[in-house]
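What follows is a short report on a single structure.
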Amino acid sequence: MVTVTSRLDRIAVDPGVVHGKPRIRGTRVTVQVILELLAAGESIDELLSEYDELTRDDVLAALEYAA
């Protein structure tokens, strides 16, 4: 049996922060920005080097949220 652990608790939606767009909790980095950068061809490692406040699990949470 495979156990799947959700990372969705890393996603926050607050109408008073970044116009209520889903973002990584504790940051102003939106799920949309992460997805756009990945879609443009940036690797997760490149993204993490640009955004020091993000972790690999944050990026995976954005992907899980989008799915």
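Residues in the structure tokens are named by chain (A, B, ... in the order shown) and by number from 1 within that chain; ligands are numbered from 1 in the order shown.
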Set the distance at 10 Å and use only C-alpha atoms: which residues neighbour range 39-55 of chain A once local chain neighbours fewer than 5 positions away are removed? I'd like the list as a PDB file with N, CA, C and O atoms, in the first residue's frame.
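Output contents, as saved in out.pdb:
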```pdb
ATOM      1  N   ILE A  24       2.255  30.522  -1.496  1.00  0.00           N
ATOM      2  CA  ILE A  24       2.949  29.702  -0.515  1.00  0.00           C
ATOM      3  C   ILE A  24       2.834  30.397   0.836  1.00  0.00           C
ATOM      4  O   ILE A  24       3.152  31.589   0.965  1.00  0.00           O
ATOM      5  N   ARG A  25       2.339  29.670   1.807  1.00  0.00           N
ATOM      6  CA  ARG A  25       2.114  30.228   3.154  1.00  0.00           C
ATOM      7  C   ARG A  25       3.374  30.916   3.677  1.00  0.00           C
ATOM      8  O   ARG A  25       4.477  30.403   3.544  1.00  0.00           O
ATOM      9  N   GLY A  26       3.192  32.105   4.218  1.00  0.00           N
ATOM     10  CA  GLY A  26       4.303  32.851   4.796  1.00  0.00           C
ATOM     11  C   GLY A  26       5.107  33.647   3.775  1.00  0.00           C
ATOM     12  O   GLY A  26       6.094  34.283   4.131  1.00  0.00           O
ATOM     13  N   THR A  27       4.692  33.596   2.515  1.00  0.00           N
ATOM     14  CA  THR A  27       5.379  34.352   1.466  1.00  0.00           C
ATOM     15  C   THR A  27       4.339  35.093   0.630  1.00  0.00           C
ATOM     16  O   THR A  27       3.132  34.931   0.828  1.00  0.00           O
ATOM     17  N   ARG A  28       4.829  35.874  -0.316  1.00  0.00           N
ATOM     18  CA  ARG A  28       3.960  36.516  -1.297  1.00  0.00           C
ATOM     19  C   ARG A  28       4.156  35.870  -2.673  1.00  0.00           C
ATOM     20  O   ARG A  28       3.731  36.415  -3.684  1.00  0.00           O
ATOM     21  N   VAL A  29       4.774  34.711  -2.707  1.00  0.00           N
ATOM     22  CA  VAL A  29       5.017  33.998  -3.962  1.00  0.00           C
ATOM     23  C   VAL A  29       3.770  33.178  -4.284  1.00  0.00           C
ATOM     24  O   VAL A  29       3.394  32.282  -3.530  1.00  0.00           O
ATOM     25  N   VAL A  33       2.880  32.187 -10.170  1.00  0.00           N
ATOM     26  CA  VAL A  33       4.260  32.542 -10.514  1.00  0.00           C
ATOM     27  C   VAL A  33       5.118  31.280 -10.620  1.00  0.00           C
ATOM     28  O   VAL A  33       5.889  31.116 -11.567  1.00  0.00           O
ATOM     29  N   ILE A  34       4.969  30.393  -9.665  1.00  0.00           N
ATOM     30  CA  ILE A  34       5.748  29.149  -9.684  1.00  0.00           C
ATOM     31  C   ILE A  34       5.443  28.347 -10.938  1.00  0.00           C
ATOM     32  O   ILE A  34       6.347  27.893 -11.643  1.00  0.00           O
ATOM     33  N   LEU A  60       6.573  21.715  -4.924  1.00  0.00           N
ATOM     34  CA  LEU A  60       5.750  20.521  -5.125  1.00  0.00           C
ATOM     35  C   LEU A  60       4.312  20.767  -4.656  1.00  0.00           C
ATOM     36  O   LEU A  60       3.366  20.253  -5.264  1.00  0.00           O
ATOM     37  N   ALA A  61       4.140  21.561  -3.623  1.00  0.00           N
ATOM     38  CA  ALA A  61       2.793  21.907  -3.159  1.00  0.00           C
ATOM     39  C   ALA A  61       2.059  22.721  -4.215  1.00  0.00           C
ATOM     40  O   ALA A  61       0.863  22.523  -4.443  1.00  0.00           O
TER      41      ALA A  61
END
```
Near Thr30 in chain A, counting only C-alpha atoms, which residues have an atom at most 12 Å away, once you skip same-chain residues fewer than 3 positions from it, shown as a ChimeraX atom specification?
-> /A:10-14,17-27,33-37,51,54,58-59,61-63,65-66
